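Dropping my_file_36.txt in here (compact mmCIF, C-alpha atoms and all ligand atoms):
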```txt
# COMPACT_ATOMS: atom_id res chain seq x y z
CA MET A 1 21.37 115.81 -99.47
CA HIS A 2 18.83 113.74 -97.65
CA LEU A 3 19.85 110.12 -97.13
CA VAL A 4 17.16 107.55 -96.55
CA ARG A 5 17.60 104.11 -95.11
CA PRO A 6 14.58 101.84 -95.65
CA PRO A 7 12.74 100.80 -92.50
CA GLN A 8 13.21 97.27 -91.19
CA GLU A 9 10.44 94.72 -90.91
CA ASP A 10 8.10 95.57 -87.99
CA GLU A 11 10.12 98.64 -87.02
CA THR A 12 8.52 101.49 -85.07
CA LEU A 13 8.40 104.95 -86.57
CA SER A 14 10.46 106.43 -83.74
CA SER A 15 13.11 103.75 -84.14
CA TRP A 16 13.34 104.44 -87.85
CA LEU A 17 13.63 108.19 -87.28
CA TYR A 18 16.27 107.57 -84.64
CA ARG A 19 18.31 105.54 -87.11
CA GLN A 20 17.77 108.21 -89.74
CA SER A 21 19.19 110.82 -87.36
CA LYS A 22 22.20 108.61 -86.78
CA LEU A 23 22.74 108.40 -90.54
CA HIS A 24 22.88 112.20 -90.68
CA GLY A 25 25.08 112.52 -87.61
CA LEU A 26 22.47 114.54 -85.72
CA PRO A 27 20.68 114.12 -82.40
CA PRO A 28 17.11 112.86 -82.97
CA GLN A 29 15.52 116.20 -82.16
CA SER A 30 17.71 118.21 -84.54
CA TYR A 31 17.10 115.72 -87.31
CA THR A 32 13.32 115.81 -86.99
CA ALA A 33 13.31 119.59 -86.54
CA LEU A 34 15.17 119.96 -89.84
CA SER A 35 13.49 117.27 -91.90
CA LEU A 36 9.98 117.37 -90.43
CA PRO A 37 9.41 120.96 -89.29
CA GLY A 38 6.20 121.37 -87.36
CA VAL A 39 5.56 117.63 -86.92
CA GLU A 40 5.43 116.42 -83.32
CA ILE A 41 7.19 113.08 -82.95
CA TRP A 42 8.88 112.80 -79.59
CA THR A 43 6.30 114.39 -77.31
CA ARG A 44 3.57 111.95 -78.32
CA ASP A 45 3.16 108.22 -78.81
CA ALA A 46 3.86 108.38 -82.56
CA ASP A 47 4.32 104.60 -82.81
CA ARG A 48 0.72 104.01 -81.80
CA TRP A 49 -1.43 106.23 -83.97
CA LEU A 50 -0.95 109.14 -86.36
CA SER A 51 -3.49 111.20 -88.24
CA GLU A 52 -3.79 110.77 -92.01
CA MET A 53 -2.48 114.29 -92.48
CA THR A 54 0.65 113.68 -90.40
CA ILE A 55 1.36 110.41 -92.18
CA ARG A 56 1.00 112.15 -95.52
CA GLU A 57 3.37 114.89 -94.49
CA ILE A 58 6.04 112.52 -93.18
CA ALA A 59 5.74 110.34 -96.29
CA CYS A 60 6.06 113.33 -98.58
CA ARG A 61 9.01 114.94 -96.78
CA LEU A 62 11.03 111.76 -96.32
CA GLY A 63 10.26 110.29 -99.73
CA GLN A 64 8.36 107.21 -98.54
CA THR A 65 4.98 105.87 -99.57
CA HIS A 66 1.97 106.53 -97.37
CA ALA A 67 1.66 102.77 -96.70
CA THR A 68 5.27 102.51 -95.51
CA ILE A 69 4.84 105.23 -92.90
CA GLU A 70 1.45 103.90 -91.83
CA SER A 71 2.84 100.39 -91.34
CA MET A 72 5.30 101.79 -88.80
CA THR A 73 2.43 102.53 -86.40
CA LEU A 74 0.48 99.99 -84.37
CA ALA A 75 -2.80 101.23 -85.82
CA GLY A 76 -1.53 100.70 -89.34
CA ARG A 77 0.18 97.38 -88.88
CA TYR A 78 -1.91 95.57 -86.28
CA GLY A 79 -5.24 97.31 -86.81
CA ASP A 80 -7.07 94.13 -87.82
CA VAL A 81 -6.00 92.06 -84.80
CA LEU A 82 -6.55 94.92 -82.37
CA ASP A 83 -9.77 96.85 -82.11
CA GLU A 84 -9.99 100.25 -83.69
CA VAL A 85 -7.03 102.38 -82.62
CA ARG A 86 -7.75 106.10 -82.32
CA GLU A 87 -5.79 108.96 -80.87
CA TYR A 88 -6.73 108.66 -77.22
CA ASN A 89 -8.82 105.50 -76.80
CA ILE A 90 -7.66 102.60 -74.65
CA VAL A 91 -6.91 99.62 -76.85
CA HIS A 92 -6.52 96.32 -75.10
CA TRP A 93 -3.28 94.48 -75.75
CA ILE A 94 -1.34 97.69 -76.50
CA MET A 95 0.95 98.52 -73.62
CA PRO A 96 1.01 102.20 -72.66
CA VAL A 97 4.34 104.06 -72.64
CA GLY A 98 3.08 106.92 -70.47
CA VAL A 99 4.21 109.88 -72.57
CA TYR A 100 5.24 112.78 -70.36
CA HIS A 101 6.81 115.49 -72.51
CA ARG A 102 9.82 113.69 -73.95
CA ARG A 103 10.06 111.16 -71.17
CA ARG A 104 8.32 107.82 -70.83
CA ARG A 105 6.79 107.02 -67.49
CA ARG A 106 5.56 103.49 -68.16
CA HIS A 107 7.39 100.40 -69.28
CA GLY A 108 5.25 99.68 -72.33
CA GLN A 109 8.05 99.52 -74.90
CA GLN A 110 9.67 96.15 -74.44
CA PHE A 111 12.81 95.24 -76.35
CA CYS A 112 15.02 92.25 -76.92
CA PRO A 113 18.44 93.45 -75.69
CA GLU A 114 20.27 91.25 -78.18
CA CYS A 115 18.25 92.39 -81.19
CA TYR A 116 18.47 96.01 -80.06
CA LEU A 117 22.23 95.93 -79.51
CA GLU A 118 22.70 94.35 -82.94
CA ASN A 119 21.11 97.12 -84.99
CA SER A 120 19.25 99.56 -82.69
CA VAL A 121 15.91 98.61 -84.25
CA VAL A 122 12.88 98.68 -81.95
CA LYS A 123 9.94 96.58 -83.09
CA LEU A 124 6.24 97.35 -83.05
CA SER A 125 5.32 93.84 -81.90
CA TRP A 126 7.24 94.45 -78.67
CA ARG A 127 4.51 96.92 -77.69
CA LEU A 128 1.88 94.15 -77.67
CA ALA A 129 1.16 92.57 -74.32
CA TRP A 130 0.94 89.01 -75.64
CA ASN A 131 4.64 89.08 -76.60
CA SER A 132 7.12 88.55 -73.80
CA PHE A 133 9.93 86.65 -75.51
CA CYS A 134 12.14 87.22 -78.54
CA GLU A 135 11.47 84.48 -81.09
CA LYS A 136 14.93 84.85 -82.60
CA HIS A 137 17.05 84.69 -79.45
CA GLN A 138 14.57 82.81 -77.28
CA CYS A 139 15.30 85.21 -74.45
CA SER A 140 12.97 87.28 -72.33
CA LEU A 141 12.16 90.77 -73.53
CA SER A 142 13.26 93.62 -71.25
CA ASP A 143 11.15 96.63 -70.49
CA ALA A 144 13.76 98.85 -68.81
CA CYS A 145 17.44 99.35 -68.13
CA ALA A 146 18.56 96.54 -65.83
CA ILE A 147 20.52 98.95 -63.62
CA CYS A 148 18.30 102.03 -63.19
CA ASP A 149 14.92 100.65 -64.37
CA GLU A 150 14.36 103.58 -66.75
CA PRO A 151 12.29 102.73 -69.86
CA LEU A 152 14.04 102.75 -73.24
CA THR A 153 13.70 106.31 -74.57
CA LEU A 154 15.24 106.69 -78.01
CA PHE A 155 14.91 110.46 -77.92
CA TYR A 156 17.62 110.75 -75.28
CA MET A 157 19.88 108.04 -76.65
CA ASP A 158 23.23 109.18 -78.01
CA PRO A 159 23.07 108.47 -81.77
CA TYR A 160 26.52 106.91 -81.69
CA HIS A 161 26.10 104.95 -78.48
CA HIS A 162 22.71 103.34 -78.68
CA SER A 163 23.96 100.59 -76.37
CA VAL A 164 24.32 102.98 -73.41
CA CYS A 165 21.42 103.82 -71.11
CA PHE A 166 20.75 107.57 -71.32
CA ASN A 167 19.87 107.76 -67.65
CA CYS A 168 22.61 105.91 -65.79
CA GLY A 169 25.28 105.63 -68.46
CA HIS A 170 25.70 101.87 -68.09
CA ASP A 171 25.68 99.52 -71.03
CA ILE A 172 22.33 97.96 -71.76
CA ALA A 173 22.69 94.45 -70.45
CA THR A 174 21.49 91.38 -72.26
CA SER A 175 18.86 89.45 -70.38
CA ASP A 176 20.26 86.92 -67.95
CA GLU A 177 16.91 85.27 -67.44
CA SER A 178 16.98 81.91 -69.15
CA GLY A 179 14.24 80.92 -71.56
CA ARG A 180 12.10 79.38 -68.84
CA HIS A 181 8.61 78.73 -70.19
CA TYR A 182 9.67 80.09 -73.55
CA ASP A 183 7.58 77.41 -75.26
CA LEU A 184 4.43 78.32 -73.38
CA CYS A 185 4.86 82.05 -73.91
CA SER A 186 5.59 81.77 -77.62
CA ALA A 187 2.66 79.37 -78.08
CA PHE A 188 0.49 81.99 -76.44
CA SER A 189 1.64 84.77 -78.77
CA ARG A 190 0.99 82.53 -81.78
CA ARG A 191 -2.67 82.50 -80.79
CA PHE A 192 -2.89 86.04 -82.14
CA SER A 193 -1.72 85.27 -85.65
CA PRO A 194 -4.59 85.74 -88.10
CA SER A 195 -4.79 82.04 -88.97
CA PHE A 196 -6.08 80.70 -85.67
CA MET A 197 -8.72 78.00 -85.84
CA GLU A 198 -12.40 78.66 -85.49
CA ASP A 199 -12.92 76.89 -82.17
CA ALA A 200 -9.75 78.35 -80.65
CA PRO A 201 -10.15 81.06 -77.99
CA ASP A 202 -10.51 84.51 -79.53
CA PRO A 203 -8.56 87.54 -78.21
CA GLY A 204 -11.57 88.74 -76.18
CA SER A 205 -11.93 85.44 -74.33
CA LEU A 206 -8.20 85.23 -73.70
CA ARG A 207 -8.22 88.69 -72.20
CA THR A 208 -11.16 87.78 -69.98
CA LEU A 209 -9.27 84.76 -68.65
CA MET A 210 -6.23 86.92 -67.94
CA THR A 211 -8.05 89.70 -66.14
CA LEU A 212 -10.07 87.17 -64.14
CA GLN A 213 -6.81 86.12 -62.51
CA LEU A 214 -6.10 89.71 -61.48
CA GLY A 215 -9.53 90.40 -60.05
CA GLN A 216 -11.82 88.75 -57.53
CA SER A 217 -10.66 86.28 -54.92
CA GLN A 218 -11.86 83.26 -56.92
CA GLY A 219 -9.79 84.41 -59.88
CA ARG A 220 -6.66 84.90 -57.79
CA HIS A 221 -7.15 81.48 -56.20
CA LEU A 222 -7.45 80.01 -59.70
CA HIS A 223 -4.24 81.78 -60.66
CA ARG A 224 -2.40 80.20 -57.73
CA THR A 225 -3.63 76.74 -58.76
CA TRP A 226 -2.61 77.23 -62.38
CA CYS A 227 0.84 78.51 -61.36
CA ASN A 228 1.44 75.61 -59.00
CA ARG A 229 0.68 73.21 -61.80
CA ILE A 230 3.65 74.43 -63.85
CA GLY A 231 5.87 75.12 -60.84
CA MET A 232 5.83 78.91 -61.04
CA VAL A 233 5.59 81.37 -58.19
CA PRO A 234 2.25 83.21 -58.48
CA MET A 235 2.19 86.98 -58.91
CA ALA A 236 2.01 88.72 -55.57
CA GLY A 237 -0.42 91.60 -55.77
CA ALA A 238 -0.86 92.61 -59.40
CA ARG A 239 -4.22 94.22 -60.07
CA GLY A 240 -6.01 96.04 -62.84
CA ARG A 241 -5.19 96.12 -66.52
CA TRP A 242 -2.76 93.44 -67.43
CA GLU A 243 -1.23 95.61 -70.17
CA CYS A 244 0.21 97.80 -67.39
CA MET A 245 2.02 94.89 -65.74
CA ARG A 246 5.77 94.57 -65.98
CA VAL A 247 7.21 91.88 -68.20
CA ALA A 248 8.32 89.57 -65.37
CA GLU A 249 4.78 89.37 -64.01
CA ARG A 250 3.28 88.99 -67.45
CA HIS A 251 5.49 85.93 -67.99
CA VAL A 252 3.86 84.22 -65.03
CA LEU A 253 0.36 85.09 -66.15
CA ILE A 254 0.93 84.10 -69.77
CA ALA A 255 2.68 80.81 -68.98
CA ALA A 256 0.05 79.75 -66.44
CA THR A 257 -2.81 80.60 -68.80
CA GLU A 258 -1.25 78.96 -71.83
CA ALA A 259 -0.52 75.77 -69.88
CA VAL A 260 -4.14 75.43 -68.90
CA LEU A 261 -5.37 76.31 -72.40
CA GLN A 262 -3.33 73.40 -73.70
CA THR A 263 -5.00 70.96 -71.31
CA GLY A 264 -8.28 71.43 -73.11
CA LEU A 265 -11.75 72.76 -72.57
CA ASP A 266 -12.98 70.11 -70.12
CA ARG A 267 -10.15 70.73 -67.72
CA ILE A 268 -10.67 74.49 -67.85
CA VAL A 269 -14.37 74.09 -67.09
CA ASP A 270 -13.61 71.75 -64.18
CA ASP A 271 -11.09 74.24 -62.81
CA LEU A 272 -13.55 77.09 -63.07
CA ILE A 273 -16.24 75.11 -61.26
CA GLU A 274 -13.85 73.90 -58.59
CA HIS A 275 -12.84 77.48 -57.82
CA GLY A 276 -16.38 78.77 -57.78
CA VAL A 277 -16.04 80.87 -60.92
CA THR A 278 -19.46 81.36 -62.49
CA ARG A 279 -20.35 82.89 -65.81
CA GLU A 280 -21.26 86.07 -63.94
CA CYS A 281 -17.75 86.28 -62.52
CA LEU A 282 -16.33 85.95 -66.01
CA ARG A 283 -18.82 88.44 -67.46
CA ASN A 284 -17.54 91.07 -65.04
CA HIS A 285 -14.25 90.96 -66.93
CA HIS A 286 -15.62 90.95 -70.48
CA VAL A 287 -14.35 93.65 -72.77
CA GLY A 288 -16.05 93.52 -76.13
CA GLN A 289 -16.92 90.10 -77.51
CA SER A 290 -15.78 86.80 -76.00
CA PHE A 291 -17.02 84.31 -78.59
CA TRP A 292 -15.15 81.28 -77.31
CA LEU A 293 -16.39 81.72 -73.74
CA GLU A 294 -19.98 82.32 -74.88
CA GLN A 295 -20.04 79.39 -77.27
CA TYR A 296 -18.01 76.70 -75.59
CA VAL A 297 -17.42 77.49 -71.92
CA TYR A 298 -20.71 78.91 -70.64
CA PRO A 299 -22.95 76.07 -71.86
CA GLU A 300 -20.58 73.61 -70.12
CA LEU A 301 -20.51 75.70 -66.95
CA ASP A 302 -24.30 75.81 -66.88
CA THR A 303 -24.77 72.05 -67.23
CA LYS A 304 -21.97 71.04 -64.87
CA GLN A 305 -22.26 73.63 -62.15
CA CYS A 306 -24.31 72.09 -59.38
CA SER A 307 -22.31 72.96 -56.30
CA PRO A 308 -23.86 75.55 -54.00
CA LYS A 309 -22.91 79.04 -54.99
CA SER A 310 -20.39 80.87 -52.91
CA ARG A 311 -21.02 84.08 -51.04
CA ALA A 312 -18.82 86.03 -53.44
CA ASN A 313 -20.79 84.81 -56.45
CA TYR A 314 -24.04 85.91 -54.90
CA LYS A 315 -22.49 89.27 -54.34
CA ALA A 316 -21.56 89.52 -58.02
CA GLU A 317 -24.92 88.26 -59.27
CA MET A 318 -27.07 90.23 -56.91
CA ALA A 319 -25.12 93.47 -57.22
CA ASP A 320 -28.13 95.52 -58.32
CA PRO A 321 -30.74 94.33 -55.77
CA LEU A 322 -28.10 94.62 -53.06
CA LYS A 323 -27.36 98.18 -54.05
CA LYS A 324 -31.05 98.95 -53.74
CA ILE A 325 -31.09 97.56 -50.23
CA GLN A 326 -28.01 99.53 -49.43
CA ARG A 327 -29.58 102.74 -50.71
CA LYS A 328 -32.52 102.23 -48.36
CA HIS A 329 -30.08 102.35 -45.49
CA THR A 330 -28.11 105.35 -46.61
CA SER A 331 -29.24 107.40 -43.67
CA VAL A 332 -27.66 105.02 -41.19
CA SER A 333 -24.02 104.34 -40.67
CA ARG A 334 -21.70 102.52 -43.00
CA ARG A 335 -21.52 99.62 -40.62
CA ALA A 336 -25.29 99.23 -40.48
CA ARG A 337 -25.40 99.18 -44.26
CA ALA A 338 -22.78 96.46 -44.46
CA GLU A 339 -24.67 94.45 -41.85
CA ALA A 340 -27.93 94.79 -43.75
CA ARG A 341 -26.23 93.59 -46.88
CA ALA A 342 -24.62 90.63 -45.15
CA ARG A 343 -28.00 89.69 -43.63
CA CYS A 344 -29.57 89.71 -47.09
CA ILE A 345 -26.89 87.44 -48.51
CA ASP A 346 -27.39 85.06 -45.59
CA ILE A 347 -31.09 84.96 -46.30
CA MET A 348 -30.55 84.31 -49.99
CA LEU A 349 -28.01 81.60 -49.29
CA ARG A 350 -30.42 79.82 -47.00
CA GLY A 351 -33.07 80.09 -49.68
CA MET A 352 -35.50 81.74 -47.28
CA HIS A 353 -37.72 84.69 -47.87
CA GLN A 354 -36.93 88.00 -46.40
CA PRO A 355 -38.99 88.48 -43.26
ZN ZN B 1 16.19 89.02 -80.08
ZN ZN B 2 20.04 102.83 -66.83
```
Mind turning this structure into structure tokens?
Amino acid sequence: MHLVRPPQEDETLSSWLYRQSKLHGLPPQSYTALSLPGVEIWTRDADRWLSEMTIREIACRLGQTHATIESMTLAGRYGDVLDEVREYNIVHWIMPVGVYHRRRRRHGQQFCPECYLENSVVKLSWRLAWNSFCEKHQCSLSDACAICDEPLTLFYMDPYHHSVCFNCGHDIATSDESGRHYDLCSAFSRRFSPSFMEDAPDPGSLRTLMTLQLGQSQGRHLHRTWCNRIGMVPMAGARGRWECMRVAERHVLIAATEAVLQTGLDRIVDDLIEHGVTRECLRNHHVGQSFWLEQYVYPELDTKQCSPKSRANYKAEMADPLKKIQRKHTSVSRRARAEARARCIDIMLRGMHQP
């Protein structure tokens, strides 16, 4: 007889199937092989997206409604906050787990150790980059075993000992990091609830502000200033997509950004100007729409910005003409090209015409 335990609120599909296997006294693979023959679960990121056909098959075989199964995937549950989630596209805010056969190579599945030890439920919202704390326990989320740094992989977990790391055999430790900046981080994640106000920063603008701090030198300088203001140590050398950052670094970025968002628009604009961040710098980091930046920040930047532009800003603004100049010099050495480019910037900065 097939026993079914209803899924918990916000539970991932793999977590629910893992608990189902426990109910039947089987390892996860044997359970899915028997109850869902021919359906791939563990060798793919099933918690992110599933095809209509697969959802229908799982729903039918395990006696659930289509909506129940769909709501256990990120695409089904958070589709309206996130952009469209498809099988292979990159969706901002979703942290990648790096599926490699049955292993996980990236630390995208965060978990609250206390919640997980209580009932072995893994939540969908822990996959979203704006969450870095557990609301219930006010503790930091973990993204790996504290001893061996291996990501949580339910497939390998012993059904009867979900509290033991499959890799090193140690108990999964509760987080010893205190709730430092819990208020800032939880305020930041509340910005993504559907009821945010009209003039509040939209997800696109927030992401632009975050990636700015990981990019050009002005952005990293801004990050150091914002961190100093709340007494945090800035991130050392994090680059690239912020969804790929580990949870400890994301704490710093989220807390620093939220603190400055709370100081208000004027202060943000002053900070941007002081650090030489122009609208072109910000545009380099746009992904999709950034309504709040376009409507509120750029007009302010344009009226207030009167300081002479920095060399780096000219570089960003004049990228295309500079490339043209560079192309002209392709026959000469790399060094000559760089010199030609530097000479052009000098000329532009002095406001003179090219001889
Ligand atoms: Zn918790
Ligand atoms: Zn371990």
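Here the question is which of A:Arg86, A:Lys22, A:Arg246, A:His286 gets nearest to Leu154 in chain A using all atoms listed in the file, and that residue is A:Lys22.
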Note to self: If we count all atoms listed in the file and set the cut-off at 10 Å, which residues sit around Pro6 in chain A, ignoring sequence neighbours fewer than 5 positions away in its own chain? Please answer as a PyMOL selection string.
What the structure shows: chain A and resi 16+20+64+68
Checklist line | Nearest-residue call for ligand ZN 2 (chain B), choices A:Asp271, A:Glu243, A:Glu150, A:Glu9, using all atoms listed in the file | finding: A:Glu150
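Between CA of Asp183 in chain A and CA of His251 in chain A the separation is 11.4 Å.
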Per residue of range 76-143 of chain A within 8 Å of range 185-201 of chain A, what are the shortest atom pair and its distance in Å to one decimal, counting all atoms listed in the file, with rows by chain and residue number, as a tab-separated table?
```
residue	atom	partner	partner_atom	distance
A:Val81	CA	A:Pro194	CA	7.3
A:Trp130	CA	A:Ser189	CA	5.3
A:Asn131	CA	A:Ser189	CA	5.7
A:Ser132	CA	A:Cys185	CA	6.9
A:Phe133	CA	A:Ser186	CA	6.9
A:Glu135	CA	A:Ser186	CA	7.3
```
Output the selection as a short mmCIF file (atom, residue, chain, number, x, y, z; two decimals), in the coordinates of the input - C-alpha atoms for each residue.
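Output contents, as saved in out-v8.cif:
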```cif
data_model
loop_
_atom_site.label_atom_id
_atom_site.label_comp_id
_atom_site.auth_asym_id
_atom_site.auth_seq_id
_atom_site.Cartn_x
_atom_site.Cartn_y
_atom_site.Cartn_z
CA VAL A 81 -6.00 92.06 -84.80
CA TRP A 130 0.94 89.01 -75.64
CA ASN A 131 4.64 89.08 -76.60
CA SER A 132 7.12 88.55 -73.80
CA PHE A 133 9.93 86.65 -75.51
CA GLU A 135 11.47 84.48 -81.09
#
```
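Each of A:His170, A:Lys123, A:His24, A:Arg56 was compared to ligand ZN 1 (chain B) using all atoms listed in the file, and A:Lys123 turns out to be the nearest.
Relative to CA of Glu258 in chain A, CA of Asn228 in chain A is found at 13.5 Å.
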Checklist line | Atom-to-atom span, CA of Leu253 in chain A and CA of Asn284 in chain A, Å | finding: 18.9 Å
What residues of the protein or nucleic acid chains come within 6 Å of ligand ZN 1 (chain B) when you use all atoms listed in the file? Reply as a CSV table (one decimal) with C-alpha atoms, in the coordinates of the input.
```
chain,number,residue,atom,x,y,z
A,112,CYS,CA,15.0,92.2,-76.9
A,114,GLU,CA,20.3,91.2,-78.2
A,115,CYS,CA,18.2,92.4,-81.2
A,134,CYS,CA,12.1,87.2,-78.5
A,136,LYS,CA,14.9,84.8,-82.6
A,137,HIS,CA,17.0,84.7,-79.4
```
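Taking all atoms listed in the file into account, the residues that come within 6 Å of ligand ZN 2 (chain B) are Cys145, Ile147, Cys148, Glu150, Cys165, Asn167, Cys168 and His170 of chain A.
With distances taken over all atoms listed in the file, A:Val287 is the one residue among A:Leu349, A:Val287, A:Ala144, A:Val91 lying closest to Thr211 in chain A.
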Margin query: Ranking A:Ser15, A:Thr303, A:Thr54, A:Ser217 by minimum distance to Glu70 in chain A and counting all atoms listed in the file, which one comes first?
Written below: A:Thr54
Notebook entry, point to check: Which residue, A:Gln109, A:Thr174, A:Gln213, A:Gln289, has the smallest gap to Arg241 in chain A when you use all atoms listed in the file?
Noted result: A:Gln213
Notebook entry, point to check: So which residues touch Pro159 in chain A within 10 Å, counting all atoms listed in the file, skipping near sequence neighbours fewer than 3 positions away, as a PyMOL selection string?
Noted result: chain A and resi 18-28+120+154-156+162-163
Please, could you write that set of residues out with C-alpha atoms as a PDB file, in the frame of the given file?
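Ended up saving to out.pdb:
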```
ATOM      1  CA  TYR A  18      16.270 107.570 -84.640  1.00  0.00           C
ATOM      2  CA  ARG A  19      18.310 105.540 -87.110  1.00  0.00           C
ATOM      3  CA  GLN A  20      17.770 108.210 -89.740  1.00  0.00           C
ATOM      4  CA  SER A  21      19.190 110.820 -87.360  1.00  0.00           C
ATOM      5  CA  LYS A  22      22.200 108.610 -86.780  1.00  0.00           C
ATOM      6  CA  LEU A  23      22.740 108.400 -90.540  1.00  0.00           C
ATOM      7  CA  HIS A  24      22.880 112.200 -90.680  1.00  0.00           C
ATOM      8  CA  GLY A  25      25.080 112.520 -87.610  1.00  0.00           C
ATOM      9  CA  LEU A  26      22.470 114.540 -85.720  1.00  0.00           C
ATOM     10  CA  PRO A  27      20.680 114.120 -82.400  1.00  0.00           C
ATOM     11  CA  PRO A  28      17.110 112.860 -82.970  1.00  0.00           C
ATOM     12  CA  SER A 120      19.250  99.560 -82.690  1.00  0.00           C
ATOM     13  CA  LEU A 154      15.240 106.690 -78.010  1.00  0.00           C
ATOM     14  CA  PHE A 155      14.910 110.460 -77.920  1.00  0.00           C
ATOM     15  CA  TYR A 156      17.620 110.750 -75.280  1.00  0.00           C
ATOM     16  CA  HIS A 162      22.710 103.340 -78.680  1.00  0.00           C
ATOM     17  CA  SER A 163      23.960 100.590 -76.370  1.00  0.00           C
TER      18      SER A 163
END
```
Next item on the list: List the neighbours of Phe166 in chain A out to 8 Å using all atoms listed in the file; skip same-chain residues closer than 4 positions along the sequence, and give me the result as an NGL selection string.
Entry: :A and (153 or 156-158)
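Residues within 12 Å of His221 in chain A, counting all atoms listed in the file and excluding same-chain residues fewer than 5 positions away, are Leu212, Gln213, Leu214, Gly215, Gln216, Trp226, Cys227, Asn228, Pro234, Met235, Ala236, Asp271, Leu272, Glu274, His275, Gly276 and Val277 of chain A.
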Checklist line | Shell around range 38-48 of chain A at 6 Å using all atoms listed in the file, local window under 4 positions removed, as a PyMOL selection string | finding: chain A and resi 12-13+73-74+101-102
